[in-house]
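Printed here is my_file10.pdb (PDB, C-alpha atoms):
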ATOM      1  CA  MET A  16      40.184  18.437  90.319  1.00  0.00           C
ATOM      2  CA  ARG A  17      40.609  14.843  89.812  1.00  0.00           C
ATOM      3  CA  MET A  18      40.121  14.334  93.454  1.00  0.00           C
ATOM      4  CA  ALA A  19      36.773  16.187  93.414  1.00  0.00           C
ATOM      5  CA  ARG A  20      35.419  14.005  90.662  1.00  0.00           C
ATOM      6  CA  HIS A  21      36.487  10.877  92.430  1.00  0.00           C
ATOM      7  CA  SER A  22      34.780  11.891  95.643  1.00  0.00           C
ATOM      8  CA  ALA A  23      31.517  12.675  93.777  1.00  0.00           C
ATOM      9  CA  VAL A  24      31.538   9.178  92.253  1.00  0.00           C
ATOM     10  CA  ASP A  25      32.152   7.660  95.678  1.00  0.00           C
ATOM     11  CA  GLU A  26      29.118   9.504  97.048  1.00  0.00           C
ATOM     12  CA  ASP A  27      26.898   8.092  94.236  1.00  0.00           C
ATOM     13  CA  GLU A  28      28.122   4.579  94.926  1.00  0.00           C
ATOM     14  CA  ASP A  29      27.388   4.958  98.642  1.00  0.00           C
ATOM     15  CA  GLU A  30      23.774   5.970  97.970  1.00  0.00           C
ATOM     16  CA  ASP A  31      23.085   3.094  95.507  1.00  0.00           C
ATOM     17  CA  HIS A  32      23.182   0.154  97.897  1.00  0.00           C
ATOM     18  CA  GLY A  33      19.413  -0.623  97.812  1.00  0.00           C
ATOM     19  CA  ILE A  34      17.594  -3.180  95.632  1.00  0.00           C
ATOM     20  CA  ASP A  35      15.749  -1.834  92.615  1.00  0.00           C
ATOM     21  CA  LEU A  36      12.133  -2.996  93.012  1.00  0.00           C
ATOM     22  CA  ALA A  37      10.781  -1.397  89.842  1.00  0.00           C
ATOM     23  CA  PRO A  38      11.178  -4.537  87.634  1.00  0.00           C
ATOM     24  CA  MET A  39       9.470  -6.708  90.232  1.00  0.00           C
ATOM     25  CA  LEU A  40       6.639  -4.218  90.542  1.00  0.00           C
ATOM     26  CA  ASP A  41       6.200  -4.187  86.756  1.00  0.00           C
ATOM     27  CA  PHE A  42       6.096  -7.994  86.735  1.00  0.00           C
ATOM     28  CA  VAL A  43       3.469  -8.137  89.496  1.00  0.00           C
ATOM     29  CA  LEU A  44       1.296  -5.562  87.754  1.00  0.00           C
ATOM     30  CA  ASN A  45       1.526  -7.508  84.479  1.00  0.00           C
ATOM     31  CA  LEU A  46       0.439 -10.687  86.278  1.00  0.00           C
ATOM     32  CA  LEU A  47      -2.443  -8.840  87.905  1.00  0.00           C
ATOM     33  CA  ILE A  48      -3.640  -7.492  84.551  1.00  0.00           C
ATOM     34  CA  PHE A  49      -3.309 -10.946  82.958  1.00  0.00           C
ATOM     35  CA  PHE A  50      -5.400 -12.668  85.637  1.00  0.00           C
ATOM     36  CA  ILE A  51      -8.074  -9.973  85.610  1.00  0.00           C
ATOM     37  CA  ILE A  52      -8.456 -10.230  81.846  1.00  0.00           C
ATOM     38  CA  THR A  53      -8.577 -14.035  81.796  1.00  0.00           C
ATOM     39  CA  ALA A  54     -11.087 -14.141  84.673  1.00  0.00           C
ATOM     40  CA  ILE A  55     -13.497 -11.967  82.710  1.00  0.00           C
ATOM     41  CA  PHE A  56     -13.642 -14.352  79.736  1.00  0.00           C
ATOM     42  CA  VAL A  57     -14.128 -17.588  81.705  1.00  0.00           C
ATOM     43  CA  LYS A  58     -17.781 -18.663  81.496  1.00  0.00           C
ATOM     44  CA  GLU A  59     -19.241 -21.724  83.131  1.00  0.00           C
ATOM     45  CA  VAL A  60     -21.689 -23.781  81.134  1.00  0.00           C
ATOM     46  CA  GLY A  61     -24.281 -25.758  83.030  1.00  0.00           C
ATOM     47  CA  LEU A  62     -27.732 -27.230  82.923  1.00  0.00           C
ATOM     48  CA  THR A  63     -30.295 -25.546  85.122  1.00  0.00           C
ATOM     49  CA  LEU A  64     -32.483 -28.059  86.912  1.00  0.00           C
ATOM     50  CA  SER A  65     -35.199 -27.310  89.391  1.00  0.00           C
ATOM     51  CA  SER A  66     -36.493 -29.965  91.724  1.00  0.00           C
ATOM     52  CA  PRO A  67     -39.533 -29.669  93.938  1.00  0.00           C
ATOM     53  CA  PRO A  68     -38.845 -29.010  97.619  1.00  0.00           C
ATOM     54  CA  PRO A  69     -39.218 -32.087  99.843  1.00  0.00           C
ATOM     55  CA  ASN A  70     -41.870 -30.523 102.081  1.00  0.00           C
ATOM     56  CA  ASN A  71     -44.289 -30.025  99.161  1.00  0.00           C
ATOM     57  CA  GLN A  72     -44.338 -33.685  98.083  1.00  0.00           C
ATOM     58  CA  ALA A  73     -47.369 -34.533 100.214  1.00  0.00           C
ATOM     59  CA  LYS A  74     -49.316 -31.621  98.712  1.00  0.00           C
ATOM     60  CA  GLN A  75     -48.346 -32.673  95.173  1.00  0.00           C
ATOM     61  CA  ASN A  76     -49.393 -36.264  95.779  1.00  0.00           C
ATOM     62  CA  ASN A  77     -52.850 -35.060  96.846  1.00  0.00           C
ATOM     63  CA  ASP A  78     -53.174 -32.893  93.735  1.00  0.00           C
ATOM     64  CA  ASP A  79     -52.031 -35.371  91.073  1.00  0.00           C
ATOM     65  CA  SER A  80     -54.497 -34.108  88.485  1.00  0.00           C
ATOM     66  CA  SER A  81     -52.709 -30.770  88.096  1.00  0.00           C
ATOM     67  CA  THR A  82     -49.223 -32.285  87.750  1.00  0.00           C
ATOM     68  CA  MET A  83     -47.916 -34.554  85.013  1.00  0.00           C
ATOM     69  CA  TYR A  84     -45.408 -37.191  86.050  1.00  0.00           C
ATOM     70  CA  ILE A  85     -43.097 -38.700  83.432  1.00  0.00           C
ATOM     71  CA  ALA A  86     -41.032 -41.668  84.613  1.00  0.00           C
ATOM     72  CA  VAL A  87     -37.670 -42.561  83.084  1.00  0.00           C
ATOM     73  CA  HIS A  88     -36.703 -46.070  84.156  1.00  0.00           C
ATOM     74  CA  ALA A  89     -33.225 -47.495  84.700  1.00  0.00           C
ATOM     75  CA  ASN A  90     -33.279 -49.334  81.357  1.00  0.00           C
ATOM     76  CA  GLY A  91     -34.285 -46.159  79.474  1.00  0.00           C
ATOM     77  CA  ASP A  92     -38.033 -46.845  79.158  1.00  0.00           C
ATOM     78  CA  ILE A  93     -40.353 -43.849  79.450  1.00  0.00           C
ATOM     79  CA  SER A  94     -43.814 -44.058  80.970  1.00  0.00           C
ATOM     80  CA  ILE A  95     -46.688 -41.667  81.636  1.00  0.00           C
ATOM     81  CA  ASP A  96     -49.555 -42.845  83.867  1.00  0.00           C
ATOM     82  CA  GLN A  97     -48.149 -46.404  83.946  1.00  0.00           C
ATOM     83  CA  ARG A  98     -48.142 -46.558  80.112  1.00  0.00           C
ATOM     84  CA  LEU A  99     -44.901 -47.178  78.235  1.00  0.00           C
ATOM     85  CA  ILE A 100     -44.402 -44.585  75.519  1.00  0.00           C
ATOM     86  CA  ASP A 101     -41.730 -43.651  72.991  1.00  0.00           C
ATOM     87  CA  LYS A 102     -39.625 -40.515  73.403  1.00  0.00           C
ATOM     88  CA  ALA A 103     -41.318 -39.048  70.331  1.00  0.00           C
ATOM     89  CA  ALA A 104     -44.741 -39.408  72.001  1.00  0.00           C
ATOM     90  CA  VAL A 105     -43.694 -37.345  75.029  1.00  0.00           C
ATOM     91  CA  ARG A 106     -44.253 -34.067  73.216  1.00  0.00           C
ATOM     92  CA  ALA A 107     -47.795 -34.980  72.107  1.00  0.00           C
ATOM     93  CA  ASN A 108     -48.753 -36.048  75.637  1.00  0.00           C
ATOM     94  CA  VAL A 109     -47.301 -32.854  77.092  1.00  0.00           C
ATOM     95  CA  GLU A 110     -49.113 -30.693  74.524  1.00  0.00           C
ATOM     96  CA  ARG A 111     -52.403 -32.403  75.436  1.00  0.00           C
ATOM     97  CA  PHE A 112     -51.701 -31.887  79.145  1.00  0.00           C
ATOM     98  CA  HIS A 113     -50.681 -28.254  78.566  1.00  0.00           C
ATOM     99  CA  GLY A 114     -53.901 -27.631  76.635  1.00  0.00           C
ATOM    100  CA  GLU A 115     -55.973 -28.948  79.558  1.00  0.00           C
ATOM    101  CA  LYS A 116     -53.909 -27.342  82.362  1.00  0.00           C
ATOM    102  CA  PRO A 117     -51.786 -24.451  81.054  1.00  0.00           C
ATOM    103  CA  GLU A 118     -50.237 -23.735  84.461  1.00  0.00           C
ATOM    104  CA  GLY A 119     -49.647 -27.380  85.370  1.00  0.00           C
ATOM    105  CA  PRO A 120     -46.038 -28.394  86.056  1.00  0.00           C
ATOM    106  CA  VAL A 121     -44.313 -31.488  84.688  1.00  0.00           C
ATOM    107  CA  ILE A 122     -42.082 -33.591  86.921  1.00  0.00           C
ATOM    108  CA  VAL A 123     -39.635 -35.988  85.299  1.00  0.00           C
ATOM    109  CA  VAL A 124     -39.087 -38.812  87.777  1.00  0.00           C
ATOM    110  CA  ALA A 125     -35.774 -40.286  86.669  1.00  0.00           C
ATOM    111  CA  ASN A 126     -34.067 -43.337  88.069  1.00  0.00           C
ATOM    112  CA  THR A 127     -30.502 -42.477  89.065  1.00  0.00           C
ATOM    113  CA  LYS A 128     -29.274 -45.312  86.828  1.00  0.00           C
ATOM    114  CA  SER A 129     -31.246 -44.179  83.781  1.00  0.00           C
ATOM    115  CA  PRO A 130     -29.251 -42.864  80.799  1.00  0.00           C
ATOM    116  CA  SER A 131     -28.772 -39.119  81.149  1.00  0.00           C
ATOM    117  CA  GLY A 132     -29.232 -38.581  77.416  1.00  0.00           C
ATOM    118  CA  ILE A 133     -32.764 -39.946  77.608  1.00  0.00           C
ATOM    119  CA  VAL A 134     -33.598 -37.784  80.647  1.00  0.00           C
ATOM    120  CA  VAL A 135     -32.349 -34.648  78.868  1.00  0.00           C
ATOM    121  CA  GLY A 136     -34.210 -35.695  75.704  1.00  0.00           C
ATOM    122  CA  VAL A 137     -37.446 -36.063  77.685  1.00  0.00           C
ATOM    123  CA  MET A 138     -36.912 -32.629  79.237  1.00  0.00           C
ATOM    124  CA  ASP A 139     -36.354 -31.162  75.761  1.00  0.00           C
ATOM    125  CA  GLN A 140     -39.580 -32.757  74.504  1.00  0.00           C
ATOM    126  CA  VAL A 141     -41.468 -31.326  77.500  1.00  0.00           C
ATOM    127  CA  ARG A 142     -40.176 -27.834  76.764  1.00  0.00           C
ATOM    128  CA  LEU A 143     -41.004 -28.235  73.069  1.00  0.00           C
ATOM    129  CA  GLY A 144     -44.509 -29.231  74.179  1.00  0.00           C
ATOM    130  CA  GLY A 145     -44.946 -25.781  75.711  1.00  0.00           C
ATOM    131  CA  VAL A 146     -44.325 -26.438  79.407  1.00  0.00           C
ATOM    132  CA  MET A 147     -41.463 -24.409  80.861  1.00  0.00           C
ATOM    133  CA  ASN A 148     -42.039 -25.464  84.480  1.00  0.00           C
ATOM    134  CA  VAL A 149     -40.084 -28.748  84.374  1.00  0.00           C
ATOM    135  CA  SER A 150     -38.672 -30.374  87.500  1.00  0.00           C
ATOM    136  CA  VAL A 151     -36.479 -33.440  87.890  1.00  0.00           C
ATOM    137  CA  ALA A 152     -36.989 -35.821  90.797  1.00  0.00           C
ATOM    138  CA  PRO A 153     -34.288 -38.480  91.064  1.00  0.00           C
ATOM    139  CA  THR A 154     -35.213 -41.841  92.542  1.00  0.00           C
ATOM    140  CA  ASP A 155     -33.403 -45.083  93.298  1.00  0.00           C
ATOM    141  CA  CYS A 156     -36.407 -47.374  93.647  1.00  0.00           C
ATOM    142  CA  GLY A 157     -38.336 -49.274  91.002  1.00  0.00           C
ATOM    143  CA  GLY A 158     -38.200 -48.326  87.392  1.00  0.00           C
ATOM    144  CA  THR A 159     -36.656 -51.516  85.982  1.00  0.00           C
ATOM    145  CA  ARG A 160     -39.840 -52.571  84.192  1.00  0.00           C
TER     146      ARG A 160
END

Can I see the file as structure tokens?
Amino acid sequence: MRMARHSAVDEDEDEDHGIDLAPMLDFVLNLLIFFIITAIFVKEVGLTLSSPPPNNQAKQNNDDSSTMYIAVHANGDISIDQRLIDKAAVRANVERFHGEKPEGPVIVVANTKSPSGIVVGVMDQVRLGGVMNVSVAPTDCGGTR
């Protein structure tokens, strides 16, 4: 009898020579669940800017009366129609423009060296003035005033 038990144990030992993959599979599944859950909660925050296409610039230059151009110079000055204005006056000018041409777009022509806070502030004032069609056109020339 003792011999029969011993031979049964030897048979179990012979069959158990493989590697147990169950813990590794559990670990991989836990990692998969972790990355899926964290990917769902990651949200990117950004500022949506729309700029006019380059091929329409000639058409816009011919139709200046229906578009308002606001220039932000490298030193932070703001001008509309070659007039220097304060950031607080942007909203009043935009409201007047929006009253005359409700569908007219506003293009903020910003020097690439102008302070970004002023450019964003001008865009905020334009939106508060009632115009939602705001485009930004960066430029490197002029604007030092």

Can you turn the PyMOL selection byres ((chain A and resi 151) around 12) into a concrete residue list for this file, as a short mmCIF file (atom, residue, chain, number, x, y, z; two decimals) with C-alpha atoms, in the frame of the given file?
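Output (selection.cif):
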data_model
loop_
_atom_site.label_atom_id
_atom_site.label_comp_id
_atom_site.auth_asym_id
_atom_site.auth_seq_id
_atom_site.Cartn_x
_atom_site.Cartn_y
_atom_site.Cartn_z
CA LEU A 62 -27.73 -27.23 82.92
CA THR A 63 -30.30 -25.55 85.12
CA LEU A 64 -32.48 -28.06 86.91
CA SER A 65 -35.20 -27.31 89.39
CA SER A 66 -36.49 -29.96 91.72
CA PRO A 67 -39.53 -29.67 93.94
CA PRO A 68 -38.84 -29.01 97.62
CA MET A 83 -47.92 -34.55 85.01
CA TYR A 84 -45.41 -37.19 86.05
CA ILE A 85 -43.10 -38.70 83.43
CA ALA A 86 -41.03 -41.67 84.61
CA VAL A 87 -37.67 -42.56 83.08
CA PRO A 120 -46.04 -28.39 86.06
CA VAL A 121 -44.31 -31.49 84.69
CA ILE A 122 -42.08 -33.59 86.92
CA VAL A 123 -39.64 -35.99 85.30
CA VAL A 124 -39.09 -38.81 87.78
CA ALA A 125 -35.77 -40.29 86.67
CA ASN A 126 -34.07 -43.34 88.07
CA THR A 127 -30.50 -42.48 89.06
CA SER A 131 -28.77 -39.12 81.15
CA VAL A 134 -33.60 -37.78 80.65
CA VAL A 135 -32.35 -34.65 78.87
CA VAL A 137 -37.45 -36.06 77.68
CA MET A 138 -36.91 -32.63 79.24
CA VAL A 141 -41.47 -31.33 77.50
CA ASN A 148 -42.04 -25.46 84.48
CA VAL A 149 -40.08 -28.75 84.37
CA SER A 150 -38.67 -30.37 87.50
CA ALA A 152 -36.99 -35.82 90.80
CA PRO A 153 -34.29 -38.48 91.06
CA THR A 154 -35.21 -41.84 92.54
#

Using only the atoms of segment 80-88 of chain A listed in the file, plus 4 Å on each side, state the axis-aligned box centre and edge lengths in Å rounded to one decimal, as lines of an AutoDock Vina configuration file.
center_x = -45.6
center_y = -38.4
center_z = 85.8
size_x = 25.8
size_y = 23.3
size_z = 13.4

Work out how far apart atom CA of Glu110 of chain A and atom CA of Gly136 of chain A are and give it in Å to one decimal.
15.8 Å

Have a look at atom CA of Ser80 of chain A and atom CA of Ala103 of chain A and let me know their distance in Å, one decimal.
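Distance between the two atoms: 23.0 Å.
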
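Relative to atom CA of Gly91 of chain A, atom CA of Pro117 of chain A is found at 27.9 Å.
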
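Using the PyMOL selection byres ((chain A and resi 98) around 12) on this structure selects Tyr84, Ile85, Ala86, Val87, Asp92, Ile93, Ser94, Ile95, Asp96, Gln97, Leu99, Ile100, Asp101, Ala104, Val105, Asn108 and Arg160 of chain A.
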
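Distance annotation: of A:Met147, A:Val43, A:Gln140, A:Thr82, the residue with the minimal separation from Glu115 of chain A is A:Thr82; atom set is only C-alpha atoms.
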